[in-house]
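Reading through the structure tokens given below for one structure.
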Amino acid sequence: MVKITDVARHAGVSPSTVSYVLSGKRSISEETTRRVRASIRELGYRPHAGARALASSRSNVVALMLPLRSGVAVPVVMGFATSVVTAARRHDHDVLLLTQEEGEDGLRRVADSALVDALIVMDVQLRDPRLPLLRSLDRPSVLIGFPADADDLTCIDLDFHAAGAACARHLAALGHREVAMIGSPPEVYERETGFAQRVTEGFAAAVREHGMTGDVHPCEASADAAKDLVGRLLRERPDLTGILVHNEQVVDTVVRALRAEGRRVPQDVSIVAICPDELAEHADPPLSSVAIPAGEVGGRAVELLMAKLDGEPVPAATLLPPTLTPRASSTTATR
């Protein structure tokens, strides 16, 4: 194992100089810093985590607060978690994953300890009770999601309002006049989860903009609930020709339920979804969709957090524009 003394000998400096280069606690000349860092790379030196923490007053650990609440699509949120962990490792940071629904108590427990340097917070609600504490902490944080009041916070997410609107406009451009949205489970709306609320607002605004008839229907994350909802929609609205699904857990069931009711996709009913690309591509038929860019959002959240740790200015709000990919599930309305 390469030691700090090996790096010092290779670079022709003292071990304390190597330590100062690593910690940044003293000003070291650019030439010496370059020489030390070149030796670190060439020898493959990796500072011991405990010693590094003592030298820099950092733990090199980031907390990811990801409460797995009822109605959450676990495979989707774990995609975000994976991207955060991968990006953090590129910055030589580990991730402490907090999945219990502890809210403020869990946040305070972690913040009051020396376990983590910074926090990434997910499943953000419009009036999230964690926000006052986040604003008061002496540790930087980044939210994946937007509350109603984002002042003094750093937030990043897909522009879900624009995503809902893009799906409605896609159906409008294909000539659909009677549309509906099958939304997230009811408890997601009851918690006022930000992304779900914004999809419904964007969808409703675009429906009005294009003179369509359309409404939003929350749906439990179960096959039976999806089947019942599709049957009811077709009975109550026989002229329905376009559906937006924003509920990853029932996408396949919706397609099967339409077929069971004698409706072909897309000839009789076009479907567009907001879901991961992998889910859309492997559906039958492949779904026109707005992708959920978990990898990009998670990675950029970490970049924002690293910049804040280094004292660099960052944008308060980062909204990623949606991209709608047409596939075989949507086509021109025939009635």
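Here, A, B, ... name the chains of the structure tokens in the order displayed, residue numbers run from 1 inside each chain, and ligands are numbered from 1 in the same displayed order.
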From the DSSP assignment of the backbone, select every residue of stretch 53-149 of chain A that is alpha helix (DSSP H), and format the answer as number ranges by chain.
A: 53-56, 74-90, 103-111, 131-136
Any idea what's packed within 9 Å of stretch 155-165 of chain A, counting only C-alpha atoms, ignoring anything in its chain fewer than 4 positions away? Could you give it as a ChimeraX atom specification?
/A:141-147,150,169-170,194-207,244,246,274,290,292-294,297-298,300-301,315-324
Go ahead and write the residues just picked, C-alpha atoms, as a PDB file, in the first residue's frame.
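again_15.pdb, written as the output of this step:
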```
ATOM      1  CA  SER A 141     -27.875  20.685   0.359  1.00  0.00           C
ATOM      2  CA  VAL A 142     -29.435  20.076  -3.047  1.00  0.00           C
ATOM      3  CA  LEU A 143     -33.054  19.112  -3.610  1.00  0.00           C
ATOM      4  CA  ILE A 144     -34.094  16.787  -6.430  1.00  0.00           C
ATOM      5  CA  GLY A 145     -37.508  18.344  -6.849  1.00  0.00           C
ATOM      6  CA  PHE A 146     -39.076  21.765  -6.327  1.00  0.00           C
ATOM      7  CA  PRO A 147     -41.211  22.932  -3.398  1.00  0.00           C
ATOM      8  CA  ALA A 150     -37.695  27.437  -3.373  1.00  0.00           C
ATOM      9  CA  ARG A 169     -49.716  18.784 -27.132  1.00  0.00           C
ATOM     10  CA  HIS A 170     -48.467  15.589 -28.777  1.00  0.00           C
ATOM     11  CA  GLY A 194     -44.150  18.408  -6.344  1.00  0.00           C
ATOM     12  CA  PHE A 195     -43.480  16.471  -9.552  1.00  0.00           C
ATOM     13  CA  ALA A 196     -46.951  14.856  -9.603  1.00  0.00           C
ATOM     14  CA  GLN A 197     -48.743  18.142  -9.043  1.00  0.00           C
ATOM     15  CA  ARG A 198     -46.782  19.835 -11.813  1.00  0.00           C
ATOM     16  CA  VAL A 199     -47.518  17.114 -14.377  1.00  0.00           C
ATOM     17  CA  THR A 200     -51.255  17.504 -13.792  1.00  0.00           C
ATOM     18  CA  GLU A 201     -51.005  21.293 -14.034  1.00  0.00           C
ATOM     19  CA  GLY A 202     -49.027  21.129 -17.279  1.00  0.00           C
ATOM     20  CA  PHE A 203     -51.387  18.568 -18.812  1.00  0.00           C
ATOM     21  CA  ALA A 204     -54.495  20.548 -17.829  1.00  0.00           C
ATOM     22  CA  ALA A 205     -53.056  23.817 -19.159  1.00  0.00           C
ATOM     23  CA  ALA A 206     -52.216  22.295 -22.564  1.00  0.00           C
ATOM     24  CA  VAL A 207     -55.638  20.612 -22.775  1.00  0.00           C
ATOM     25  CA  LEU A 244     -51.396  10.074 -20.840  1.00  0.00           C
ATOM     26  CA  HIS A 246     -48.025   9.110 -15.417  1.00  0.00           C
ATOM     27  CA  ILE A 274     -43.955   9.815 -18.643  1.00  0.00           C
ATOM     28  CA  VAL A 290     -41.182  11.667 -22.100  1.00  0.00           C
ATOM     29  CA  ILE A 292     -37.380  10.521 -16.748  1.00  0.00           C
ATOM     30  CA  PRO A 293     -33.662  11.387 -16.900  1.00  0.00           C
ATOM     31  CA  ALA A 294     -32.680   9.882 -13.541  1.00  0.00           C
ATOM     32  CA  VAL A 297     -30.600  14.601 -12.705  1.00  0.00           C
ATOM     33  CA  GLY A 298     -28.727  12.565 -10.090  1.00  0.00           C
ATOM     34  CA  ARG A 300     -25.952  17.006 -11.910  1.00  0.00           C
ATOM     35  CA  ALA A 301     -27.286  17.137  -8.356  1.00  0.00           C
ATOM     36  CA  PRO A 315     -27.733  28.296  -9.923  1.00  0.00           C
ATOM     37  CA  ALA A 316     -30.643  28.184  -7.490  1.00  0.00           C
ATOM     38  CA  ALA A 317     -32.896  26.375  -9.951  1.00  0.00           C
ATOM     39  CA  THR A 318     -32.041  23.863 -12.677  1.00  0.00           C
ATOM     40  CA  LEU A 319     -34.954  22.598 -14.785  1.00  0.00           C
ATOM     41  CA  LEU A 320     -34.170  20.004 -17.444  1.00  0.00           C
ATOM     42  CA  PRO A 321     -36.386  20.411 -20.525  1.00  0.00           C
ATOM     43  CA  PRO A 322     -38.461  17.330 -21.411  1.00  0.00           C
ATOM     44  CA  THR A 323     -37.866  15.333 -24.588  1.00  0.00           C
ATOM     45  CA  LEU A 324     -40.849  13.490 -26.061  1.00  0.00           C
TER      46      LEU A 324
END
```
Which residues in stretch 7-152 of chain A does DSSP call strand (DSSP E)? List them as a PyMOL selection string.
chain A and resi 61-65+94-98+118-121+141-144
Let me make sure I understand: among A:Ile40, A:Leu98, A:Val61, A:Ala87, which one has the smallest atom-to-atom distance to A:Leu304 if we use only C-alpha atoms?
A:Ala87
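Of the residues listed (A:Ser289, A:Thr5, A:Ser27, A:Ser39), A:Ser289 shows the shortest atom-to-atom separation from A:Ala328; distances use only C-alpha atoms.
Rounded to one decimal, atom CA of A:Ala180 and atom CA of A:Thr325 lie 19.3 Å from each other.
If you look at atom CA of A:Ala226 and atom CA of A:Arg263, they are 15.2 Å away from each other.
The smallest atom-to-atom distance between A:Arg108 and any of A:Ser136, A:Ser329, A:Thr241, A:Thr253, using only C-alpha atoms, is found for A:Ser136.
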Between A:Leu107, A:Val21, A:Val116, A:Val95, single out the one closest to A:Leu309, counting only C-alpha atoms.
A:Val116
Shell around A:Ser113 at 12 Å using only C-alpha atoms, local window under 2 positions removed, as an MDAnalysis selection string
chainID A and resid 58:59 61 63 106:111 115:118 137:139
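Across A:Cys219, A:Asn60, A:Val179, A:Val36, the tightest approach to A:Ser14 is made by A:Val36 when counting only C-alpha atoms.
Note that the spacing between atom CA of A:Pro266 and atom CA of A:Ser330 amounts to 5.2 Å.
If you count only C-alpha atoms and ignore residues fewer than 2 places along the chain from A:Ala223, what sits within 9 Å of it is Glu220, Ala221, Ala225, Ala226, Lys227, Asp228, Gln249, Val250, Asp252, Thr253 and Val254 of chain A.
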